[in-house]
$ cat protein.cif   # mmCIF, C-alpha atoms and all ligand atoms
data_target
#
loop_
_atom_site.group_PDB
_atom_site.id
_atom_site.type_symbol
_atom_site.label_atom_id
_atom_site.label_comp_id
_atom_site.auth_asym_id
_atom_site.auth_seq_id
_atom_site.Cartn_x
_atom_site.Cartn_y
_atom_site.Cartn_z
ATOM 1 C CA MET F 1 26.468 -23.923 11.272
ATOM 2 C CA ALA F 2 24.599 -21.433 9.078
ATOM 3 C CA THR F 3 25.876 -18.301 7.341
ATOM 4 C CA LEU F 4 24.077 -15.380 5.715
ATOM 5 C CA TYR F 5 26.101 -13.497 3.102
ATOM 6 C CA SER F 6 24.519 -10.085 3.084
ATOM 7 C CA ALA F 7 25.112 -6.396 2.365
ATOM 8 C CA TRP F 8 23.768 -3.908 4.915
ATOM 9 C CA TYR F 9 22.048 -1.711 2.292
ATOM 10 C CA CYS F 10 20.473 -4.480 0.236
ATOM 11 C CA PRO F 11 16.686 -4.809 0.527
ATOM 12 C CA PHE F 12 16.787 -8.344 -0.903
ATOM 13 C CA ALA F 13 19.317 -9.437 1.705
ATOM 14 C CA GLN F 14 17.209 -7.750 4.383
ATOM 15 C CA ARG F 15 14.327 -10.061 3.443
ATOM 16 C CA ALA F 16 16.437 -13.094 4.271
ATOM 17 C CA TRP F 17 17.770 -11.515 7.451
ATOM 18 C CA ILE F 18 14.257 -10.642 8.676
ATOM 19 C CA GLY F 19 13.011 -14.149 7.843
ATOM 20 C CA LEU F 20 15.851 -15.740 9.806
ATOM 21 C CA ALA F 21 15.295 -13.424 12.778
ATOM 22 C CA HIS F 22 11.559 -14.066 12.747
ATOM 23 C CA LYS F 23 12.111 -17.826 12.727
ATOM 24 C CA LYS F 24 14.756 -17.504 15.426
ATOM 25 C CA VAL F 25 17.401 -19.262 13.363
ATOM 26 C CA SER F 26 20.949 -18.582 14.545
ATOM 27 C CA PHE F 27 23.505 -17.817 11.877
ATOM 28 C CA ASP F 28 26.723 -15.947 11.233
ATOM 29 C CA TYR F 29 26.216 -12.656 9.407
ATOM 30 C CA VAL F 30 28.921 -12.038 6.794
ATOM 31 C CA GLU F 31 28.951 -8.518 5.329
ATOM 32 C CA THR F 32 29.840 -8.946 1.668
ATOM 33 C CA ASP F 33 30.523 -6.678 -1.298
ATOM 34 C CA PRO F 34 28.580 -8.524 -3.993
ATOM 35 C CA TYR F 35 29.995 -6.306 -6.735
ATOM 36 C CA ALA F 36 33.560 -7.538 -6.112
ATOM 37 C CA LYS F 37 33.381 -10.656 -8.239
ATOM 38 C CA THR F 38 36.209 -12.590 -6.645
ATOM 39 C CA VAL F 39 36.650 -16.258 -7.431
ATOM 40 C CA ASP F 40 35.620 -17.110 -3.861
ATOM 41 C CA TRP F 41 32.487 -14.984 -3.965
ATOM 42 C CA MET F 42 31.401 -16.389 -7.320
ATOM 43 C CA ARG F 43 31.861 -19.885 -5.916
ATOM 44 C CA VAL F 44 30.001 -19.127 -2.649
ATOM 45 C CA SER F 45 27.139 -17.463 -4.536
ATOM 46 C CA ARG F 46 26.958 -20.346 -7.021
ATOM 47 C CA GLY F 47 27.723 -18.016 -9.902
ATOM 48 C CA THR F 48 24.984 -15.477 -9.164
ATOM 49 C CA GLY F 49 27.344 -12.909 -7.638
ATOM 50 C CA GLN F 50 24.414 -11.522 -5.642
ATOM 51 C CA VAL F 51 23.502 -11.221 -1.982
ATOM 52 C CA PRO F 52 21.746 -12.728 -0.150
ATOM 53 C CA VAL F 53 23.189 -16.222 -0.035
ATOM 54 C CA PHE F 54 22.271 -18.518 2.831
ATOM 55 C CA GLN F 55 24.564 -21.427 3.493
ATOM 56 C CA VAL F 56 24.149 -24.372 5.831
ATOM 57 C CA GLN F 57 27.166 -26.523 6.532
ATOM 58 C CA GLU F 58 26.020 -29.535 8.513
ATOM 59 C CA GLU F 59 27.337 -33.060 8.509
ATOM 60 C CA GLY F 60 25.054 -35.730 7.181
ATOM 61 C CA PRO F 61 23.051 -36.506 4.085
ATOM 62 C CA ASP F 62 20.853 -33.725 2.747
ATOM 63 C CA ALA F 63 22.009 -31.256 5.383
ATOM 64 C CA ALA F 64 24.497 -28.973 3.601
ATOM 65 C CA VAL F 65 23.111 -26.495 1.106
ATOM 66 C CA THR F 66 23.807 -23.082 -0.393
ATOM 67 C CA VAL F 67 20.699 -21.057 -1.285
ATOM 68 C CA PRO F 68 21.041 -17.895 -3.360
ATOM 69 C CA ASP F 69 18.051 -15.533 -3.892
ATOM 70 C CA SER F 70 16.018 -13.874 -1.153
ATOM 71 C CA LEU F 71 12.655 -15.487 -1.860
ATOM 72 C CA ARG F 72 14.195 -18.960 -2.204
ATOM 73 C CA VAL F 73 15.883 -18.395 1.179
ATOM 74 C CA LEU F 74 12.496 -17.636 2.776
ATOM 75 C CA GLU F 75 11.020 -20.815 1.288
ATOM 76 C CA TYR F 76 14.002 -22.903 2.339
ATOM 77 C CA ILE F 77 14.188 -21.733 5.949
ATOM 78 C CA ASP F 78 10.463 -22.196 6.404
ATOM 79 C CA GLU F 79 10.819 -25.874 5.447
ATOM 80 C CA ALA F 80 14.182 -26.538 7.055
ATOM 81 C CA PHE F 81 13.291 -24.936 10.384
ATOM 82 C CA ARG F 82 9.631 -25.916 10.549
ATOM 83 C CA GLY F 83 8.422 -25.860 14.120
ATOM 84 C CA GLN F 84 11.144 -23.407 15.093
ATOM 85 C CA GLY F 85 9.615 -19.949 15.325
ATOM 86 C CA PRO F 86 6.478 -19.004 13.391
ATOM 87 C CA ASP F 87 5.686 -20.409 9.929
ATOM 88 C CA LEU F 88 6.393 -18.050 7.029
ATOM 89 C CA PHE F 89 4.137 -19.854 4.536
ATOM 90 C CA PRO F 90 0.739 -21.495 5.014
ATOM 91 C CA ARG F 91 0.547 -25.256 4.604
ATOM 92 C CA SER F 92 -2.594 -25.566 2.495
ATOM 93 C CA PRO F 93 -1.630 -25.772 -1.187
ATOM 94 C CA ALA F 94 -4.135 -23.103 -2.249
ATOM 95 C CA ALA F 95 -3.115 -20.605 0.443
ATOM 96 C CA ARG F 96 0.546 -21.364 -0.252
ATOM 97 C CA ALA F 97 0.138 -20.753 -3.984
ATOM 98 C CA ASP F 98 -1.558 -17.456 -3.202
ATOM 99 C CA THR F 99 1.280 -16.464 -0.859
ATOM 100 C CA LEU F 100 3.829 -17.313 -3.558
ATOM 101 C CA TYR F 101 1.903 -15.103 -5.975
ATOM 102 C CA TRP F 102 2.003 -12.160 -3.562
ATOM 103 C CA ILE F 103 5.666 -12.526 -2.588
ATOM 104 C CA ASP F 104 6.496 -12.243 -6.299
ATOM 105 C CA PHE F 105 4.115 -9.367 -6.955
ATOM 106 C CA PRO F 106 6.277 -6.452 -5.758
ATOM 107 C CA GLY F 107 9.122 -7.652 -7.992
ATOM 108 C CA ARG F 108 6.867 -7.263 -11.003
ATOM 109 C CA LYS F 109 4.640 -4.331 -10.159
ATOM 110 C CA ILE F 110 6.308 -2.136 -7.540
ATOM 111 C CA ILE F 111 10.083 -2.523 -7.145
ATOM 112 C CA PRO F 112 11.173 -1.822 -10.755
ATOM 113 C CA TYR F 113 9.117 1.409 -10.743
ATOM 114 C CA MET F 114 10.492 2.423 -7.363
ATOM 115 C CA TYR F 115 14.044 2.341 -8.792
ATOM 116 C CA ARG F 116 12.931 3.995 -12.028
ATOM 117 C CA ALA F 117 11.274 6.829 -10.093
ATOM 118 C CA LEU F 118 14.468 7.328 -8.099
ATOM 119 C CA LYS F 119 16.741 7.337 -11.144
ATOM 120 C CA ALA F 120 14.611 9.562 -13.391
ATOM 121 C CA PRO F 121 15.378 13.298 -13.088
ATOM 122 C CA THR F 122 13.238 15.164 -10.526
ATOM 123 C CA GLY F 123 10.091 16.488 -12.141
ATOM 124 C CA SER F 124 10.567 14.511 -15.386
ATOM 125 C CA ALA F 125 7.670 12.866 -17.213
ATOM 126 C CA ASP F 126 9.401 9.504 -16.879
ATOM 127 C CA GLY F 127 9.733 9.982 -13.122
ATOM 128 C CA ALA F 128 6.073 10.921 -12.766
ATOM 129 C CA ALA F 129 4.992 7.920 -14.852
ATOM 130 C CA ALA F 130 7.156 5.591 -12.751
ATOM 131 C CA LEU F 131 5.704 6.963 -9.511
ATOM 132 C CA GLN F 132 2.205 6.444 -10.877
ATOM 133 C CA GLU F 133 2.991 2.840 -11.891
ATOM 134 C CA MET F 134 4.502 2.199 -8.479
ATOM 135 C CA GLU F 135 1.463 3.673 -6.757
ATOM 136 C CA ASP F 136 -0.872 1.505 -8.858
ATOM 137 C CA GLY F 137 1.137 -1.540 -7.751
ATOM 138 C CA LEU F 138 0.989 -0.452 -4.120
ATOM 139 C CA ALA F 139 -2.766 0.055 -4.367
ATOM 140 C CA ALA F 140 -3.263 -3.441 -5.823
ATOM 141 C CA PHE F 141 -1.037 -4.916 -3.093
ATOM 142 C CA SER F 142 -2.958 -3.058 -0.402
ATOM 143 C CA THR F 143 -6.344 -4.031 -1.846
ATOM 144 C CA ALA F 144 -5.339 -7.705 -1.608
ATOM 145 C CA MET F 145 -4.585 -7.442 2.135
ATOM 146 C CA SER F 146 -6.854 -9.102 4.661
ATOM 147 C CA PRO F 147 -9.402 -6.431 5.636
ATOM 148 C CA GLN F 148 -8.801 -6.804 9.383
ATOM 149 C CA GLY F 149 -5.037 -7.287 9.255
ATOM 150 C CA PRO F 150 -3.000 -5.741 10.485
ATOM 151 C CA PHE F 151 -0.595 -7.873 8.432
ATOM 152 C CA PHE F 152 -1.052 -8.890 4.809
ATOM 153 C CA SER F 153 -2.839 -12.161 5.550
ATOM 154 C CA GLY F 154 -4.257 -11.431 8.998
ATOM 155 C CA SER F 155 -3.006 -11.250 12.553
ATOM 156 C CA ASP F 156 0.374 -12.930 11.927
ATOM 157 C CA ILE F 157 3.366 -11.848 9.909
ATOM 158 C CA ASN F 158 4.117 -14.102 6.957
ATOM 159 C CA ALA F 159 6.424 -14.249 3.944
ATOM 160 C CA VAL F 160 4.486 -11.560 2.040
ATOM 161 C CA ASP F 161 5.059 -9.011 4.811
ATOM 162 C CA ILE F 162 8.718 -9.964 5.064
ATOM 163 C CA ALA F 163 9.290 -9.856 1.302
ATOM 164 C CA PHE F 164 7.856 -6.356 0.944
ATOM 165 C CA ALA F 165 8.864 -4.678 4.215
ATOM 166 C CA PRO F 166 12.400 -3.630 3.135
ATOM 167 C CA PHE F 167 10.994 -1.983 0.006
ATOM 168 C CA ALA F 168 8.170 -0.242 1.871
ATOM 169 C CA SER F 169 10.855 1.130 4.169
ATOM 170 C CA ARG F 170 12.909 2.423 1.222
ATOM 171 C CA ILE F 171 9.870 4.037 -0.398
ATOM 172 C CA ALA F 172 9.257 5.879 2.879
ATOM 173 C CA ILE F 173 12.903 6.880 3.451
ATOM 174 C CA ILE F 174 14.450 7.295 0.012
ATOM 175 C CA LEU F 175 11.633 8.473 -2.239
ATOM 176 C CA SER F 176 10.511 10.988 0.365
ATOM 177 C CA HIS F 177 14.074 12.291 0.684
ATOM 178 C CA TYR F 178 14.997 12.488 -3.007
ATOM 179 C CA ARG F 179 11.611 12.885 -4.704
ATOM 180 C CA THR F 180 9.456 14.405 -1.920
ATOM 181 C CA TYR F 181 7.128 11.494 -2.535
ATOM 182 C CA SER F 182 4.852 10.050 0.091
ATOM 183 C CA VAL F 183 2.284 7.308 -0.229
ATOM 184 C CA PRO F 184 -1.266 8.767 -0.197
ATOM 185 C CA LEU F 185 -3.149 8.633 3.093
ATOM 186 C CA SER F 186 -6.787 9.256 2.301
ATOM 187 C CA GLY F 187 -9.253 6.558 1.300
ATOM 188 C CA ASP F 188 -9.693 2.961 2.465
ATOM 189 C CA VAL F 189 -6.898 1.506 0.335
ATOM 190 C CA TRP F 190 -4.282 3.883 1.681
ATOM 191 C CA GLN F 191 -5.555 3.683 5.242
ATOM 192 C CA ARG F 192 -5.108 -0.064 4.996
ATOM 193 C CA TYR F 193 -1.569 0.385 3.661
ATOM 194 C CA ALA F 194 -0.747 2.767 6.530
ATOM 195 C CA LYS F 195 -2.105 0.255 9.045
ATOM 196 C CA TRP F 196 0.042 -2.491 7.509
ATOM 197 C CA LEU F 197 3.190 -0.357 7.513
ATOM 198 C CA ARG F 198 2.628 0.703 11.134
ATOM 199 C CA ALA F 199 2.183 -2.920 12.203
ATOM 200 C CA VAL F 200 5.337 -3.976 10.353
ATOM 201 C CA GLN F 201 7.311 -1.133 11.922
ATOM 202 C CA GLN F 202 5.965 -1.948 15.388
ATOM 203 C CA SER F 203 6.847 -5.631 14.960
ATOM 204 C CA GLY F 204 10.510 -4.659 15.340
ATOM 205 C CA LEU F 205 11.535 -6.810 12.369
ATOM 206 C CA LEU F 206 12.775 -3.896 10.301
ATOM 207 C CA SER F 207 14.518 -2.128 13.161
ATOM 208 C CA GLY F 208 16.117 -5.401 14.272
ATOM 209 C CA THR F 209 17.977 -5.511 10.967
ATOM 210 C CA GLU F 210 18.828 -1.814 10.674
ATOM 211 C CA GLY F 211 20.932 -1.006 13.730
ATOM 212 C CA ASP F 212 20.706 2.529 15.078
ATOM 213 C CA ARG F 213 17.776 4.120 13.236
ATOM 214 C CA GLU F 214 19.150 7.612 12.752
ATOM 215 C CA THR F 215 22.505 6.407 11.482
ATOM 216 C CA TYR F 216 20.790 3.848 9.287
ATOM 217 C CA VAL F 217 18.576 6.447 7.599
ATOM 218 C CA GLU F 218 21.602 8.687 6.996
ATOM 219 C CA ARG F 219 23.708 5.861 5.577
ATOM 220 C CA LEU F 220 20.859 4.695 3.366
ATOM 221 C CA VAL F 221 20.240 8.214 2.043
ATOM 222 C CA ASP F 222 23.975 8.483 1.232
ATOM 223 C CA PHE F 223 23.981 5.069 -0.384
ATOM 224 C CA TYR F 224 21.137 5.973 -2.758
ATOM 225 C CA LEU F 225 22.598 9.369 -3.748
ATOM 226 C CA PRO F 226 24.117 8.047 -7.026
ATOM 227 C CA TYR F 227 20.795 6.389 -7.899
ATOM 228 C CA SER F 228 18.983 9.681 -7.372
ATOM 229 C CA ASN F 229 21.327 11.183 -9.978
ATOM 230 C CA GLY F 230 20.518 8.506 -12.512
ATOM 231 C CA GLY F 231 23.467 6.259 -11.597
ATOM 232 C CA GLY F 232 23.902 3.426 -9.144
ATOM 233 C CA GLN F 233 24.047 -0.240 -9.964
ATOM 234 C CA ALA F 234 21.915 -1.373 -12.853
ATOM 235 C CA ASP F 235 21.174 -4.815 -11.447
ATOM 236 C CA VAL F 236 18.930 -3.666 -8.616
ATOM 237 C CA THR F 237 16.432 -2.282 -11.105
ATOM 238 C CA VAL F 238 15.572 -5.809 -12.197
ATOM 239 C CA ALA F 239 12.581 -7.586 -10.753
ATOM 240 C CA ALA F 240 13.103 -9.692 -7.637
HETATM 241 N N1 LIG L 301 16.736 -11.597 -7.166
HETATM 242 C C1 LIG L 301 17.789 -11.403 -6.189
HETATM 243 C C2 LIG L 301 18.285 -9.989 -6.264
HETATM 244 C C3 LIG L 301 19.460 -9.721 -5.316
HETATM 245 C C4 LIG L 301 20.223 -8.443 -5.677
HETATM 246 O O1 LIG L 301 19.912 -7.737 -6.661
HETATM 247 N N2 LIG L 301 21.246 -8.135 -4.866
HETATM 248 C C5 LIG L 301 22.142 -7.036 -5.217
HETATM 249 C C6 LIG L 301 22.431 -6.119 -4.021
HETATM 250 S S1 LIG L 301 20.960 -5.307 -3.476
HETATM 251 C C7 LIG L 301 23.479 -7.638 -5.615
HETATM 252 O O2 LIG L 301 23.989 -8.523 -4.960
HETATM 253 N N3 LIG L 301 24.048 -7.128 -6.719
HETATM 254 C C8 LIG L 301 25.340 -7.536 -7.198
HETATM 255 C C9 LIG L 301 25.339 -7.801 -8.690
HETATM 256 O O3 LIG L 301 24.251 -8.059 -9.256
HETATM 257 O O4 LIG L 301 26.406 -7.739 -9.279
HETATM 258 C C10 LIG L 301 17.229 -11.742 -4.798
HETATM 259 O O5 LIG L 301 16.013 -11.614 -4.603
HETATM 260 O O6 LIG L 301 17.994 -12.178 -3.929
#
$ encode --input "protein.cif" --output "C-alpha cells"
Amino acid sequence: MATLYSAWYCPFAQRAWIGLAHKKVSFDYVETDPYAKTVDWMRVSRGTGQVPVFQVQEEGPDAAVTVPDSLRVLEYIDEAFRGQGPDLFPRSPAARADTLYWIDFPGRKIIPYMYRALKAPTGSADGAAALQEMEDGLAAFSTAMSPQGPFFSGSDINAVDIAFAPFASRIAIILSHYRTYSVPLSGDVWQRYAKWLRAVQQSGLLSGTEGDRETYVERLVDFYLPYSNGGGQADVTVAA
C-alpha cells in the first residue's frame, strides 16, 4: 500500500503526483495541510513538515519506506517501480548525472525568482530584476533542451519535464494574472520553450493532476493572492 501526502496547490507535491501517474503506480492521495505542524504530521514527514511525502507500507525486508522531498520521490519511484510504466531517469551514469543536474536547475535559477517576482510590488525595480533573472534561467533551461524534442531530452517525457512542469504552469497562470508577464515568443530559444510547454500540456500529465481546469485556475489565482501582495508562506521561496 502506498500513500502520497500532498497539498492540491503545491507545485513540489504535483511533481511527485505526476511522476506516480506517469509510472502508473497506484497510491492513496491524502490531502494534507503541511503548515499545521501536528505531532502526527511531523512524524509522517520525518521532521520536514513539508509535502510531498511518499510512503510505502509493505511487509518484508526493505519494502517499507517514507520518502520526503519531491525530487527524491521521483528518484525513488523510478527505482522501486522499474519496468512499471516509462523510466523517469536514463540508466547510463553520464546521462543520469546530466538529468540530475537539470532536475535541480530550476530550484537554483528559476523558481526562487518566480516567487520573488510575484512578491515584489508591481512595477518595482526588484520585481523587474527578478523577472529578468527568471527569464535568464528559463532561456538557459530551454537552450539545453534536445533540439528536436518535443520534451527536454527528446521524444519521451522524463524527470526533467516532470520536475519543471508544475512551475511552468504557474508562470503561465500566476505571473500572467498578477504581473501581466508572459514568456517571450520570438526567437529560437523561446520557440523551443513554447514547443516544450505545448507538448507537456498535451501529454495530459498536468491536467491529470489539476481536476477541472477552470476551477483549478481560479483556485490557484486565489491561493497566490497573498503572495502577490508580498505575503504568503516564506518557505516556498527557497530552492527546491
Ligand atoms: N524541497 C521540498 C519543498 C516542498 C515545499 O516547500 N512544500 C511546501 C508546500 S508547497 C510545504 O510543505 N511547506 C510547509 C512548510 O514548509 O512549513 C520538495 O521539493 O519537496
$ closest_residue --input "protein.cif" --among "F:Pro86, F:Pro184, F:Gly149, F:Gly211" --to "Ala199 in chain F" --atoms "only C-alpha atoms"
F:Gly149
$ residues_near_ligand --input "protein.cif" --ligand "ligand LIG 301 (chain L)" --cutoff "6 Å" --atoms "only C-alpha atoms and all ligand atoms" --output "PyMOL selection string"
chain F and resi 10-12+34-35+49-52+69-71+235-236+240
$ resolve_selection --input "protein.cif" --expression "the PyMOL selection byres (((chain F and resi 193-195) around 9) and not hetatm)" --output "number ranges by chain"
F: 138-139, 141-143, 145, 149-151, 183, 185, 188-192, 196-200
$ write_last_selection --input "protein.cif" --atoms "C-alpha atoms" --output "PDB file, keeping the file's coordinate frame"
ATOM      1  CA  LEU F 138       0.989  -0.452  -4.120  1.00  0.00           C
ATOM      2  CA  ALA F 139      -2.766   0.055  -4.367  1.00  0.00           C
ATOM      3  CA  PHE F 141      -1.037  -4.916  -3.093  1.00  0.00           C
ATOM      4  CA  SER F 142      -2.958  -3.058  -0.402  1.00  0.00           C
ATOM      5  CA  THR F 143      -6.344  -4.031  -1.846  1.00  0.00           C
ATOM      6  CA  MET F 145      -4.585  -7.442   2.135  1.00  0.00           C
ATOM      7  CA  GLY F 149      -5.037  -7.287   9.255  1.00  0.00           C
ATOM      8  CA  PRO F 150      -3.000  -5.741  10.485  1.00  0.00           C
ATOM      9  CA  PHE F 151      -0.595  -7.873   8.432  1.00  0.00           C
ATOM     10  CA  VAL F 183       2.284   7.308  -0.229  1.00  0.00           C
ATOM     11  CA  LEU F 185      -3.149   8.633   3.093  1.00  0.00           C
ATOM     12  CA  ASP F 188      -9.693   2.961   2.465  1.00  0.00           C
ATOM     13  CA  VAL F 189      -6.898   1.506   0.335  1.00  0.00           C
ATOM     14  CA  TRP F 190      -4.282   3.883   1.681  1.00  0.00           C
ATOM     15  CA  GLN F 191      -5.555   3.683   5.242  1.00  0.00           C
ATOM     16  CA  ARG F 192      -5.108  -0.064   4.996  1.00  0.00           C
ATOM     17  CA  TRP F 196       0.042  -2.491   7.509  1.00  0.00           C
ATOM     18  CA  LEU F 197       3.190  -0.357   7.513  1.00  0.00           C
ATOM     19  CA  ARG F 198       2.628   0.703  11.134  1.00  0.00           C
ATOM     20  CA  ALA F 199       2.183  -2.920  12.203  1.00  0.00           C
ATOM     21  CA  VAL F 200       5.337  -3.976  10.353  1.00  0.00           C
TER      22      VAL F 200
END
$ closest_residue --input "protein.cif" --among "F:Phe81, F:Phe164, F:Trp17, F:Tyr178" --to "Gly107 in chain F" --atoms "only C-alpha atoms"
F:Phe164
$ residues_around --input "protein.cif" --residues "Val160 in chain F" --least-positions-apart "4" --cutoff "7 Å" --atoms "only C-alpha atoms" --output "PyMOL selection string"
chain F and resi 99+102-103+152+164
$ atom_distance --input "protein.cif" --atom1 "CA of Pro226 in chain F" --atom2 "CA of Ile18 in chain F"
26.3 Å
$ atom_distance --input "protein.cif" --atom1 "CA of Ser207 in chain F" --atom2 "CA of Gln14 in chain F"
10.8 Å
$ resolve_selection --input "protein.cif" --expression "the PyMOL selection byres (((chain F and resi 116-127) around 7) and not hetatm)" --output "list in words"
Pro112, Tyr113, Met114, Tyr115, Ala128, Ala129, Ala130, Leu131, Leu175, Arg179, Tyr227, Ser228, Asn229, Gly230 and Gly231 of chain F
$ atom_distance --input "protein.cif" --atom1 "CA of His22 in chain F" --atom2 "CA of Asn158 in chain F"
9.4 Å
$ closest_residue --input "protein.cif" --among "F:Ser155, F:Ala168, F:Tyr5, F:Met42" --to "Gly137 in chain F" --atoms "only C-alpha atoms"
F:Ala168
$ closest_residue --input "protein.cif" --among "F:Lys109, F:Tyr9, F:Ala80, F:Phe89" --to "Tyr216 in chain F" --atoms "all atoms listed in the file"
F:Tyr9
$ residues_around --input "protein.cif" --residues "Ser169 in chain F" --least-positions-apart "3" --cutoff "9 Å" --atoms "all atoms listed in the file" --output "PyMOL selection string"
chain F and resi 164-166+172-174+197+201+206
$ write_last_selection --input "protein.cif" --atoms "C-alpha atoms" --output "PDB file, in the frame of the given file"
ATOM      1  CA  PHE F 164       7.856  -6.356   0.944  1.00  0.00           C
ATOM      2  CA  ALA F 165       8.864  -4.678   4.215  1.00  0.00           C
ATOM      3  CA  PRO F 166      12.400  -3.630   3.135  1.00  0.00           C
ATOM      4  CA  ALA F 172       9.257   5.879   2.879  1.00  0.00           C
ATOM      5  CA  ILE F 173      12.903   6.880   3.451  1.00  0.00           C
ATOM      6  CA  ILE F 174      14.450   7.295   0.012  1.00  0.00           C
ATOM      7  CA  LEU F 197       3.190  -0.357   7.513  1.00  0.00           C
ATOM      8  CA  GLN F 201       7.311  -1.133  11.922  1.00  0.00           C
ATOM      9  CA  LEU F 206      12.775  -3.896  10.301  1.00  0.00           C
TER      10      LEU F 206
END
$ residues_around --input "protein.cif" --residues "Val53 in chain F" --least-positions-apart "5" --cutoff "12 Å" --atoms "only C-alpha atoms" --output "ChimeraX atom specification"
/F:2-7,12-17,28-32,34,41-48,65-74,76
$ closest_residue --input "protein.cif" --among "F:Glu133, F:Ala64, F:Val39, F:Trp8" --to "Arg219 in chain F" --atoms "all atoms listed in the file"
F:Trp8
